[in-house]
file upload_22.pdb (PDB, C-alpha atoms, pLDDT in the B column)
MODEL        1
ATOM      1  CA  MET F   1     -39.882  -1.154  12.268  1.00 82.00           C
ATOM      2  CA  ILE F   2     -36.491   0.422  11.572  1.00 91.00           C
ATOM      3  CA  ASP F   3     -35.959   2.063   8.192  1.00 96.00           C
ATOM      4  CA  PHE F   4     -32.396   0.853   7.610  1.00 97.00           C
ATOM      5  CA  THR F   5     -32.039   2.807   4.378  1.00 97.00           C
ATOM      6  CA  GLN F   6     -32.721   6.038   6.250  1.00 97.00           C
ATOM      7  CA  ALA F   7     -30.470   4.905   9.108  1.00 97.00           C
ATOM      8  CA  ARG F   8     -27.664   4.383   6.587  1.00 98.00           C
ATOM      9  CA  ARG F   9     -28.128   7.860   5.173  1.00 98.00           C
ATOM     10  CA  THR F  10     -28.183   9.358   8.671  1.00 98.00           C
ATOM     11  CA  MET F  11     -24.935   7.528   9.464  1.00 98.00           C
ATOM     12  CA  VAL F  12     -23.238   8.877   6.357  1.00 98.00           C
ATOM     13  CA  ASP F  13     -24.534  12.425   6.785  1.00 97.00           C
ATOM     14  CA  GLY F  14     -24.039  12.621  10.555  1.00 97.00           C
ATOM     15  CA  GLN F  15     -20.872  10.602  11.085  1.00 98.00           C
ATOM     16  CA  VAL F  16     -18.961  10.335   7.813  1.00 98.00           C
ATOM     17  CA  ARG F  17     -19.413  13.514   5.784  1.00 97.00           C
ATOM     18  CA  VAL F  18     -19.003  15.764   8.826  1.00 97.00           C
ATOM     19  CA  ASN F  19     -15.579  14.241   9.517  1.00 96.00           C
ATOM     20  CA  ASP F  20     -13.938  15.390   6.290  1.00 95.00           C
ATOM     21  CA  VAL F  21     -14.778  12.302   4.251  1.00 97.00           C
ATOM     22  CA  THR F  22     -15.425  13.625   0.744  1.00 97.00           C
ATOM     23  CA  ASP F  23     -14.593  10.662  -1.511  1.00 98.00           C
ATOM     24  CA  ALA F  24     -17.755  10.257  -3.601  1.00 98.00           C
ATOM     25  CA  ALA F  25     -17.202   6.560  -4.387  1.00 98.00           C
ATOM     26  CA  LEU F  26     -16.620   5.727  -0.727  1.00 98.00           C
ATOM     27  CA  ILE F  27     -19.713   7.640   0.396  1.00 98.00           C
ATOM     28  CA  SER F  28     -21.779   5.880  -2.265  1.00 98.00           C
ATOM     29  CA  ALA F  29     -20.491   2.485  -1.111  1.00 98.00           C
ATOM     30  CA  MET F  30     -21.326   3.178   2.526  1.00 98.00           C
ATOM     31  CA  LEU F  31     -24.814   4.252   1.491  1.00 98.00           C
ATOM     32  CA  GLU F  32     -25.268   0.984  -0.392  1.00 97.00           C
ATOM     33  CA  VAL F  33     -23.876  -1.722   1.916  1.00 98.00           C
ATOM     34  CA  PRO F  34     -26.471  -2.880   4.504  1.00 98.00           C
ATOM     35  CA  ARG F  35     -24.384  -2.764   7.680  1.00 98.00           C
ATOM     36  CA  GLU F  36     -27.241  -4.360   9.659  1.00 98.00           C
ATOM     37  CA  LYS F  37     -26.656  -7.634   7.772  1.00 97.00           C
ATOM     38  CA  PHE F  38     -23.104  -7.845   9.130  1.00 98.00           C
ATOM     39  CA  VAL F  39     -23.980  -7.772  12.832  1.00 97.00           C
ATOM     40  CA  PRO F  40     -25.822 -10.337  15.003  1.00 95.00           C
ATOM     41  CA  ASP F  41     -29.597 -10.153  14.636  1.00 94.00           C
ATOM     42  CA  ALA F  42     -29.954  -8.988  18.239  1.00 94.00           C
ATOM     43  CA  ARG F  43     -27.782  -5.943  17.462  1.00 95.00           C
ATOM     44  CA  ALA F  44     -29.218  -5.042  14.062  1.00 96.00           C
ATOM     45  CA  SER F  45     -31.005  -2.030  15.545  1.00 96.00           C
ATOM     46  CA  LEU F  46     -27.590  -0.693  16.665  1.00 96.00           C
ATOM     47  CA  ALA F  47     -25.875  -1.176  13.309  1.00 97.00           C
ATOM     48  CA  TYR F  48     -25.620   2.527  12.490  1.00 97.00           C
ATOM     49  CA  ILE F  49     -24.607   4.045  15.814  1.00 96.00           C
ATOM     50  CA  ASP F  50     -21.297   5.896  16.012  1.00 96.00           C
ATOM     51  CA  GLU F  51     -19.565   3.222  18.069  1.00 95.00           C
ATOM     52  CA  ASP F  52     -17.642   0.010  17.502  1.00 96.00           C
ATOM     53  CA  LEU F  53     -20.086  -2.874  17.355  1.00 96.00           C
ATOM     54  CA  CYS F  54     -19.420  -6.302  18.877  1.00 97.00           C
ATOM     55  CA  VAL F  55     -19.932  -9.149  16.409  1.00 97.00           C
ATOM     56  CA  LEU F  56     -18.340 -11.927  18.499  1.00 96.00           C
ATOM     57  CA  GLU F  57     -18.387 -12.111  22.291  1.00 94.00           C
ATOM     58  CA  ALA F  58     -15.214 -12.977  24.209  1.00 92.00           C
ATOM     59  CA  SER F  59     -15.049 -16.637  25.187  1.00 87.00           C
ATOM     60  CA  GLY F  60     -12.546 -19.344  26.004  1.00 84.00           C
ATOM     61  CA  GLY F  61      -9.690 -16.912  26.364  1.00 81.00           C
ATOM     62  CA  HIS F  62     -10.394 -15.348  22.970  1.00 85.00           C
ATOM     63  CA  PRO F  63     -11.136 -11.608  22.993  1.00 90.00           C
ATOM     64  CA  ALA F  64     -14.299 -10.099  21.569  1.00 95.00           C
ATOM     65  CA  ARG F  65     -14.325  -8.897  17.971  1.00 96.00           C
ATOM     66  CA  TYR F  66     -15.872  -5.758  16.589  1.00 97.00           C
ATOM     67  CA  LEU F  67     -16.783  -3.832  13.487  1.00 97.00           C
ATOM     68  CA  MET F  68     -14.993  -0.516  13.824  1.00 96.00           C
ATOM     69  CA  GLU F  69     -17.110   2.601  14.067  1.00 96.00           C
ATOM     70  CA  PRO F  70     -18.168   3.997  10.672  1.00 98.00           C
ATOM     71  CA  MET F  71     -16.287   7.295  10.957  1.00 97.00           C
ATOM     72  CA  VAL F  72     -12.929   5.660  11.664  1.00 98.00           C
ATOM     73  CA  LEU F  73     -13.406   3.115   8.894  1.00 98.00           C
ATOM     74  CA  ALA F  74     -14.354   5.809   6.393  1.00 98.00           C
ATOM     75  CA  ARG F  75     -11.382   8.017   7.220  1.00 98.00           C
ATOM     76  CA  LEU F  76      -8.941   5.091   7.005  1.00 98.00           C
ATOM     77  CA  LEU F  77     -10.339   4.019   3.646  1.00 98.00           C
ATOM     78  CA  GLN F  78     -10.195   7.562   2.290  1.00 98.00           C
ATOM     79  CA  ALA F  79      -6.546   7.823   3.323  1.00 98.00           C
ATOM     80  CA  LEU F  80      -5.759   4.706   1.289  1.00 98.00           C
ATOM     81  CA  GLU F  81      -6.787   6.547  -1.907  1.00 98.00           C
ATOM     82  CA  ILE F  82      -8.399   3.458  -3.400  1.00 98.00           C
ATOM     83  CA  THR F  83      -9.294   3.471  -7.111  1.00 97.00           C
ATOM     84  CA  PRO F  84     -11.245   1.053  -9.317  1.00 97.00           C
ATOM     85  CA  GLU F  85      -7.890  -0.454 -10.318  1.00 98.00           C
ATOM     86  CA  SER F  86      -6.663  -1.040  -6.742  1.00 98.00           C
ATOM     87  CA  LYS F  87      -5.989  -4.469  -5.283  1.00 98.00           C
ATOM     88  CA  VAL F  88      -6.724  -4.329  -1.553  1.00 98.00           C
ATOM     89  CA  LEU F  89      -5.999  -6.619   1.400  1.00 98.00           C
ATOM     90  CA  ASP F  90      -8.538  -6.414   4.245  1.00 98.00           C
ATOM     91  CA  VAL F  91      -6.854  -7.842   7.356  1.00 98.00           C
ATOM     92  CA  GLY F  92      -9.171  -9.147  10.068  1.00 97.00           C
ATOM     93  CA  CYS F  93     -12.368  -8.621   8.088  1.00 97.00           C
ATOM     94  CA  ALA F  94     -14.633 -10.150  10.806  1.00 97.00           C
ATOM     95  CA  THR F  95     -18.109 -10.601   9.287  1.00 98.00           C
ATOM     96  CA  GLY F  96     -17.040  -8.812   6.115  1.00 98.00           C
ATOM     97  CA  TYR F  97     -18.582  -5.333   6.277  1.00 98.00           C
ATOM     98  CA  SER F  98     -15.349  -3.519   5.433  1.00 98.00           C
ATOM     99  CA  ALA F  99     -14.662  -5.966   2.580  1.00 98.00           C
ATOM    100  CA  ALA F 100     -18.148  -5.358   1.195  1.00 98.00           C
ATOM    101  CA  VAL F 101     -17.554  -1.598   1.187  1.00 98.00           C
ATOM    102  CA  LEU F 102     -14.125  -2.086  -0.377  1.00 98.00           C
ATOM    103  CA  SER F 103     -15.544  -4.300  -3.118  1.00 98.00           C
ATOM    104  CA  LEU F 104     -17.576  -1.343  -4.410  1.00 98.00           C
ATOM    105  CA  ILE F 105     -14.598   1.013  -4.700  1.00 98.00           C
ATOM    106  CA  ALA F 106     -11.635  -1.271  -5.481  1.00 98.00           C
ATOM    107  CA  GLY F 107     -10.822  -3.527  -8.393  1.00 98.00           C
ATOM    108  CA  SER F 108     -10.318  -6.581  -6.194  1.00 98.00           C
ATOM    109  CA  VAL F 109     -10.321  -7.407  -2.486  1.00 98.00           C
ATOM    110  CA  VAL F 110      -8.670 -10.194  -0.515  1.00 98.00           C
ATOM    111  CA  ALA F 111     -10.305 -10.456   2.920  1.00 98.00           C
ATOM    112  CA  VAL F 112      -8.453 -12.404   5.624  1.00 98.00           C
ATOM    113  CA  GLU F 113     -10.130 -13.745   8.760  1.00 97.00           C
ATOM    114  CA  GLU F 114      -8.709 -16.295  11.188  1.00 94.00           C
ATOM    115  CA  ASP F 115     -11.737 -16.894  13.428  1.00 95.00           C
ATOM    116  CA  ALA F 116     -13.728 -19.765  11.932  1.00 95.00           C
ATOM    117  CA  SER F 117     -17.169 -18.540  13.016  1.00 95.00           C
ATOM    118  CA  LEU F 118     -16.598 -15.019  11.705  1.00 96.00           C
ATOM    119  CA  ALA F 119     -15.190 -16.372   8.452  1.00 96.00           C
ATOM    120  CA  ALA F 120     -18.292 -18.537   8.050  1.00 96.00           C
ATOM    121  CA  SER F 121     -20.520 -15.482   8.507  1.00 96.00           C
ATOM    122  CA  ALA F 122     -18.453 -13.475   6.037  1.00 97.00           C
ATOM    123  CA  LYS F 123     -18.629 -16.281   3.481  1.00 96.00           C
ATOM    124  CA  LYS F 124     -22.446 -16.136   3.520  1.00 96.00           C
ATOM    125  CA  LEU F 125     -22.489 -12.364   3.130  1.00 96.00           C
ATOM    126  CA  LEU F 126     -19.651 -11.651   0.691  1.00 95.00           C
ATOM    127  CA  ARG F 127     -20.811 -12.588  -2.783  1.00 86.00           C
ATOM    128  CA  GLY F 128     -19.158  -9.969  -4.956  1.00 86.00           C
ATOM    129  CA  PRO F 129     -17.206 -11.296  -7.946  1.00 92.00           C
ATOM    130  CA  ASN F 130     -14.145  -9.263  -6.975  1.00 97.00           C
ATOM    131  CA  ILE F 131     -13.886 -10.518  -3.358  1.00 97.00           C
ATOM    132  CA  GLU F 132     -11.748 -13.433  -2.233  1.00 97.00           C
ATOM    133  CA  LEU F 133     -12.268 -14.553   1.372  1.00 97.00           C
ATOM    134  CA  VAL F 134      -9.393 -16.527   2.887  1.00 97.00           C
ATOM    135  CA  SER F 135      -8.784 -18.092   6.297  1.00 95.00           C
ATOM    136  CA  GLY F 136      -5.410 -17.538   7.874  1.00 92.00           C
ATOM    137  CA  ASN F 137      -3.305 -15.771  10.448  1.00 93.00           C
ATOM    138  CA  ALA F 138      -4.242 -12.101  10.147  1.00 94.00           C
ATOM    139  CA  SER F 139      -0.797 -10.811  11.123  1.00 94.00           C
ATOM    140  CA  ALA F 140       0.719 -12.787   8.231  1.00 96.00           C
ATOM    141  CA  GLY F 141      -1.559 -11.157   5.672  1.00 97.00           C
ATOM    142  CA  TRP F 142      -1.992 -13.159   2.488  1.00 97.00           C
ATOM    143  CA  ALA F 143       1.248 -13.370   0.546  1.00 97.00           C
ATOM    144  CA  ALA F 144      -0.310 -15.513  -2.188  1.00 97.00           C
ATOM    145  CA  GLY F 145      -2.256 -12.485  -3.412  1.00 97.00           C
ATOM    146  CA  ALA F 146       0.508  -9.897  -3.025  1.00 97.00           C
ATOM    147  CA  PRO F 147       1.507  -7.300  -3.937  1.00 98.00           C
ATOM    148  CA  TYR F 148      -1.325  -4.978  -2.900  1.00 98.00           C
ATOM    149  CA  ASP F 149      -1.980  -1.338  -3.636  1.00 98.00           C
ATOM    150  CA  ALA F 150      -3.596  -0.890  -0.215  1.00 98.00           C
ATOM    151  CA  ILE F 151      -3.921  -2.764   3.069  1.00 98.00           C
ATOM    152  CA  LEU F 152      -6.495  -2.091   5.783  1.00 98.00           C
ATOM    153  CA  ILE F 153      -6.117  -3.519   9.302  1.00 98.00           C
ATOM    154  CA  GLY F 154      -9.506  -3.995  10.954  1.00 96.00           C
ATOM    155  CA  GLY F 155      -8.737  -3.127  14.561  1.00 96.00           C
ATOM    156  CA  ALA F 156      -6.197  -1.421  16.802  1.00 95.00           C
ATOM    157  CA  VAL F 157      -2.745  -3.015  16.827  1.00 96.00           C
ATOM    158  CA  GLU F 158       0.434  -2.465  18.793  1.00 93.00           C
ATOM    159  CA  GLU F 159       2.741  -2.847  15.823  1.00 92.00           C
ATOM    160  CA  ILE F 160       2.709  -3.478  12.071  1.00 95.00           C
ATOM    161  CA  PRO F 161       4.355  -6.795  11.156  1.00 94.00           C
ATOM    162  CA  GLN F 162       6.982  -6.572   8.435  1.00 94.00           C
ATOM    163  CA  ALA F 163       5.136  -9.404   6.698  1.00 95.00           C
ATOM    164  CA  LEU F 164       2.388  -6.926   5.848  1.00 97.00           C
ATOM    165  CA  THR F 165       4.514  -4.032   4.626  1.00 97.00           C
ATOM    166  CA  LEU F 166       6.421  -6.474   2.401  1.00 97.00           C
ATOM    167  CA  GLN F 167       3.114  -7.315   0.710  1.00 98.00           C
ATOM    168  CA  LEU F 168       2.620  -3.705  -0.416  1.00 98.00           C
ATOM    169  CA  LYS F 169       3.455  -2.665  -3.941  1.00 98.00           C
ATOM    170  CA  ASP F 170       6.045   0.039  -4.416  1.00 97.00           C
ATOM    171  CA  GLY F 171       3.932   3.126  -3.738  1.00 97.00           C
ATOM    172  CA  GLY F 172       1.357   1.096  -1.784  1.00 98.00           C
ATOM    173  CA  ARG F 173      -0.333   2.263   1.422  1.00 98.00           C
ATOM    174  CA  LEU F 174      -1.347   0.626   4.689  1.00 98.00           C
ATOM    175  CA  ALA F 175      -3.847   2.178   7.118  1.00 98.00           C
ATOM    176  CA  ALA F 176      -4.198   1.119  10.744  1.00 97.00           C
ATOM    177  CA  VAL F 177      -4.868   2.368  14.254  1.00 97.00           C
ATOM    178  CA  ILE F 178      -1.769   1.992  16.406  1.00 96.00           C
ATOM    179  CA  ARG F 179      -2.250   1.686  20.157  1.00 91.00           C
ATOM    180  CA  LYS F 180       0.647   2.551  22.464  1.00 84.00           C
ATOM    181  CA  ASP F 181      -0.110   2.520  26.173  1.00 77.00           C
ATOM    182  CA  THR F 182      -3.173   4.769  26.529  1.00 77.00           C
ATOM    183  CA  ALA F 183      -2.755   6.583  23.196  1.00 86.00           C
ATOM    184  CA  ALA F 184      -4.269   5.393  19.925  1.00 93.00           C
ATOM    185  CA  ARG F 185      -3.697   7.049  16.573  1.00 95.00           C
ATOM    186  CA  ALA F 186      -4.705   6.276  13.021  1.00 97.00           C
ATOM    187  CA  MET F 187      -1.583   6.010  10.895  1.00 97.00           C
ATOM    188  CA  LEU F 188      -0.815   5.749   7.207  1.00 98.00           C
ATOM    189  CA  TYR F 189       2.238   3.789   6.071  1.00 98.00           C
ATOM    190  CA  MET F 190       3.646   4.235   2.573  1.00 98.00           C
ATOM    191  CA  ARG F 191       6.151   1.966   0.862  1.00 97.00           C
ATOM    192  CA  THR F 192       8.745   3.492  -1.444  1.00 97.00           C
ATOM    193  CA  GLY F 193      11.180   0.876  -2.683  1.00 95.00           C
ATOM    194  CA  ASP F 194      12.496  -0.868   0.419  1.00 92.00           C
ATOM    195  CA  ARG F 195      11.599   2.054   2.674  1.00 96.00           C
ATOM    196  CA  VAL F 196       8.372   2.446   4.667  1.00 97.00           C
ATOM    197  CA  SER F 197       7.410   5.875   5.958  1.00 97.00           C
ATOM    198  CA  ALA F 198       4.603   6.732   8.366  1.00 96.00           C
ATOM    199  CA  ARG F 199       2.228   9.668   8.733  1.00 96.00           C
ATOM    200  CA  ARG F 200      -0.164  10.377  11.564  1.00 96.00           C
ATOM    201  CA  LEU F 201      -3.765  10.839  10.451  1.00 96.00           C
ATOM    202  CA  PHE F 202      -5.987  11.400  13.506  1.00 96.00           C
ATOM    203  CA  ASP F 203      -6.639  10.190  17.033  1.00 95.00           C
ATOM    204  CA  ALA F 204      -8.808   7.083  17.171  1.00 93.00           C
ATOM    205  CA  ALA F 205      -9.702   4.609  19.895  1.00 89.00           C
ATOM    206  CA  ILE F 206     -11.072   1.326  18.555  1.00 94.00           C
ATOM    207  CA  PRO F 207     -10.958  -2.222  19.978  1.00 94.00           C
ATOM    208  CA  PRO F 208      -7.836  -4.319  19.367  1.00 93.00           C
ATOM    209  CA  LEU F 209      -7.383  -6.884  16.644  1.00 94.00           C
ATOM    210  CA  PRO F 210      -5.873 -10.034  18.247  1.00 90.00           C
ATOM    211  CA  GLY F 211      -2.505 -11.267  17.061  1.00 85.00           C
ATOM    212  CA  PHE F 212      -0.742  -7.925  16.684  1.00 87.00           C
ATOM    213  CA  GLU F 213       0.680  -7.547  20.182  1.00 79.00           C
ATOM    214  CA  ALA F 214       4.235  -6.212  20.448  1.00 72.00           C
ATOM    215  CA  PRO F 215       6.774  -8.662  21.933  1.00 67.00           C
ATOM    216  CA  GLN F 216       7.186  -8.248  25.677  1.00 59.00           C
ATOM    217  CA  THR F 217      10.482  -6.826  26.844  1.00 53.00           C
ATOM    218  CA  PHE F 218      12.006  -7.570  30.215  1.00 50.00           C
ATOM    219  CA  VAL F 219      14.047  -5.182  32.328  1.00 51.00           C
ATOM    220  CA  PHE F 220      16.452  -6.675  34.840  1.00 53.00           C
TER     221      PHE F 220
ENDMDL
END
call {"tool": "encode", "arguments": {"input": "upload_22.pdb", "output": "structure tokens"}}
result
Amino acid sequence: MIDFTQARRTMVDGQVRVNDVTDAALISAMLEVPREKFVPDARASLAYIDEDLCVLEASGGHPARYLMEPMVLARLLQALEITPESKVLDVGCATGYSAAVLSLIAGSVVAVEEDASLAASAKKLLRGPNIELVSGNASAGWAAGAPYDAILIGGAVEEIPQALTLQLKDGGRLAAVIRKDTAARAMLYMRTGDRVSARRLFDAAIPPLPGFEAPQTFVF
């Protein structure tokens, strides 16, 4: 029988700490949240491997959905500099693992998921008093709860919709993996007044989050 508590500690020590994640509150949260509860039962034994983990198979023209690998998630969350006073938007929360981690380090979390089956799973698992789970178009964020101190996007995207950056507070941050052609990089966006600046964090290749594709351009 798998000792999930030990598996969690091995994940944090072998994947998170060794990749320059030093935020004590974040490390504590990742040691506490049972990641195996947020994946299908058949994949529970794989919950702590250093890979993205499928939580919804592709079907009917809809792409598969994943929990991003622990190291990438941890580094994105650390870059957001979340405090106990922060209000955070978790975009594309899937089964809710990232929202559960966020709920232990932030003041409040709004988790958005547009797939009905994933949202239903997240609803059963997310019971923290500071988490609000909402169903809606992920690329639109959740304007009703704005403004946010921090926004996390739970998968690789081709572009950041303006709708999301407009939901940041002045001084707020947004972390995401941007995929352009074959390159994928974790980026941090910071809003200052009406201006949004960007800073490259690290290279990262994670599965895409549907709904964030860049408009196609045609060359004649």
call {"tool": "resolve_selection", "arguments": {"input": "upload_22.pdb", "expression": "the PyMOL selection byres ((chain F and resi 30-41) around 10)", "output": "PyMOL selection string"}}
result
chain F and resi 4-13+16+25-29+42-48+53-56+66-67+70+74+94-98+100-102+104+121-122+125-126
call {"tool": "closest_residue", "arguments": {"input": "upload_22.pdb", "among": "F:Met1, F:Val21, F:Ala163, F:Val110", "to": "Gln78 in chain F", "atoms": "only C-alpha atoms"}}
result
F:Val21
call {"tool": "resolve_selection", "arguments": {"input": "upload_22.pdb", "expression": "the PyMOL selection byres ((chain F and resi 119) around 9)", "output": "ChimeraX atom specification"}}
result
/F:93-96,112-118,120-124,133-135
call {"tool": "closest_residue", "arguments": {"input": "upload_22.pdb", "among": "F:Val72, F:Ala175, F:Leu164, F:Ala58", "to": "Asp203 in chain F", "atoms": "all atoms listed in the file"}}
result
F:Val72
call {"tool": "atom_distance", "arguments": {"input": "upload_22.pdb", "atom1": "CA of Glu81 in chain F", "atom2": "CA of Pro208 in chain F"}}
result
23.9 Å
call {"tool": "residues_around", "arguments": {"input": "upload_22.pdb", "residues": "Asp90 in chain F", "least_positions_apart": "6", "cutoff": "8 Å", "atoms": "only C-alpha atoms", "output": "number ranges by chain"}}
result
F: 98-99, 109-112, 151-154
call {"tool": "resolve_selection", "arguments": {"input": "upload_22.pdb", "expression": "the PyMOL selection byres ((chain F and resi 130) around 8)", "output": "PyMOL selection string"}}
result
chain F and resi 103+107-109+128-129+131-132
call {"tool": "axis_aligned_box", "arguments": {"input": "upload_22.pdb", "around": "range 141-152 of chain F", "padding_each_side": "3 Å", "output": "AutoDock Vina command-line options"}}
result
--center_x -2.5 --center_y -8.2 --center_z 0.9 --size_x 14.0 --size_y 20.6 --size_z 15.7
call {"tool": "closest_residue", "arguments": {"input": "upload_22.pdb", "among": "F:Pro84, F:Pro63, F:Gly92, F:Pro147", "to": "Gln167 in chain F", "atoms": "only C-alpha atoms"}}
result
F:Pro147
call {"tool": "residues_around", "arguments": {"input": "upload_22.pdb", "residues": "Thr192 in chain F", "least_positions_apart": "4", "cutoff": "9 Å", "atoms": "all atoms listed in the file", "output": "list of chain:residue names"}}
result
F:Lys169, F:Asp170, F:Gly171, F:Gly172, F:Val196, F:Ser197
call {"tool": "atom_distance", "arguments": {"input": "upload_22.pdb", "atom1": "CA of Asp149 in chain F", "atom2": "CA of Gly136 in chain F"}}
result
20.2 Å
call {"tool": "atom_distance", "arguments": {"input": "upload_22.pdb", "atom1": "CA of Ala146 in chain F", "atom2": "CA of Arg75 in chain F"}}
result
23.8 Å
call {"tool": "residues_around", "arguments": {"input": "upload_22.pdb", "residues": "Ile160 in chain F", "least_positions_apart": "5", "cutoff": "10 Å", "atoms": "only C-alpha atoms", "output": "list in words"}}
result
Ser139, Ile153, Thr165, Leu174, Ala175, Ala176, Val177, Ile178, Tyr189, Phe212, Glu213 and Ala214 of chain F
call {"tool": "closest_residue", "arguments": {"input": "upload_22.pdb", "among": "F:Ala64, F:Ala144, F:Ala150, F:Ile105", "to": "Leu89 in chain F", "atoms": "only C-alpha atoms"}}
result
F:Ala150
call {"tool": "closest_residue", "arguments": {"input": "upload_22.pdb", "among": "F:Val91, F:Ile2, F:Ala79, F:Val157", "to": "Gly141 in chain F", "atoms": "only C-alpha atoms"}}
result
F:Val91
call {"tool": "residues_around", "arguments": {"input": "upload_22.pdb", "residues": "Ala184 in chain F", "least_positions_apart": "3", "cutoff": "9 Å", "atoms": "all atoms listed in the file", "output": "PyMOL selection string"}}
result
chain F and resi 156+177-181+202-206
call {"tool": "build_atoms", "arguments": {"input": "upload_22.pdb", "residues": "range 55-67 of chain F", "atoms": "N, CA and C atoms", "output": "PDB file, keeping the file's coordinate frame"}}
result
ATOM      1  N   VAL F  55     -19.355  -8.115  17.270  1.00 97.00           N
ATOM      2  CA  VAL F  55     -19.932  -9.149  16.409  1.00 97.00           C
ATOM      3  C   VAL F  55     -19.585 -10.551  16.902  1.00 97.00           C
ATOM      4  N   LEU F  56     -18.704 -10.641  17.913  1.00 96.00           N
ATOM      5  CA  LEU F  56     -18.340 -11.927  18.499  1.00 96.00           C
ATOM      6  C   LEU F  56     -17.944 -11.688  19.946  1.00 96.00           C
ATOM      7  N   GLU F  57     -18.677 -12.289  20.871  1.00 94.00           N
ATOM      8  CA  GLU F  57     -18.387 -12.111  22.291  1.00 94.00           C
ATOM      9  C   GLU F  57     -17.094 -12.833  22.673  1.00 94.00           C
ATOM     10  N   ALA F  58     -16.416 -12.312  23.690  1.00 92.00           N
ATOM     11  CA  ALA F  58     -15.214 -12.977  24.209  1.00 92.00           C
ATOM     12  C   ALA F  58     -15.605 -14.316  24.823  1.00 92.00           C
ATOM     13  N   SER F  59     -14.786 -15.320  24.589  1.00 87.00           N
ATOM     14  CA  SER F  59     -15.049 -16.637  25.187  1.00 87.00           C
ATOM     15  C   SER F  59     -13.807 -17.503  25.077  1.00 87.00           C
ATOM     16  N   GLY F  60     -13.648 -18.385  26.048  1.00 84.00           N
ATOM     17  CA  GLY F  60     -12.546 -19.344  26.004  1.00 84.00           C
ATOM     18  C   GLY F  60     -11.176 -18.733  25.866  1.00 84.00           C
ATOM     19  N   GLY F  61     -10.988 -17.572  26.460  1.00 81.00           N
ATOM     20  CA  GLY F  61      -9.690 -16.912  26.364  1.00 81.00           C
ATOM     21  C   GLY F  61      -9.499 -16.098  25.096  1.00 81.00           C
ATOM     22  N   HIS F  62     -10.479 -16.135  24.199  1.00 85.00           N
ATOM     23  CA  HIS F  62     -10.394 -15.348  22.970  1.00 85.00           C
ATOM     24  C   HIS F  62     -11.122 -14.024  23.158  1.00 85.00           C
ATOM     25  N   PRO F  63     -10.497 -12.918  22.789  1.00 90.00           N
ATOM     26  CA  PRO F  63     -11.136 -11.608  22.993  1.00 90.00           C
ATOM     27  C   PRO F  63     -12.317 -11.408  22.059  1.00 90.00           C
ATOM     28  N   ALA F  64     -13.171 -10.460  22.419  1.00 95.00           N
ATOM     29  CA  ALA F  64     -14.299 -10.099  21.569  1.00 95.00           C
ATOM     30  C   ALA F  64     -13.801  -9.474  20.269  1.00 95.00           C
ATOM     31  N   ARG F  65     -14.656  -9.518  19.257  1.00 96.00           N
ATOM     32  CA  ARG F  65     -14.325  -8.897  17.971  1.00 96.00           C
ATOM     33  C   ARG F  65     -15.401  -7.891  17.600  1.00 96.00           C
ATOM     34  N   TYR F  66     -14.990  -6.891  16.860  1.00 97.00           N
ATOM     35  CA  TYR F  66     -15.872  -5.758  16.589  1.00 97.00           C
ATOM     36  C   TYR F  66     -15.793  -5.320  15.128  1.00 97.00           C
ATOM     37  N   LEU F  67     -16.859  -4.676  14.673  1.00 97.00           N
ATOM     38  CA  LEU F  67     -16.783  -3.832  13.487  1.00 97.00           C
ATOM     39  C   LEU F  67     -16.415  -2.446  13.982  1.00 97.00           C
TER      40      LEU F  67
END
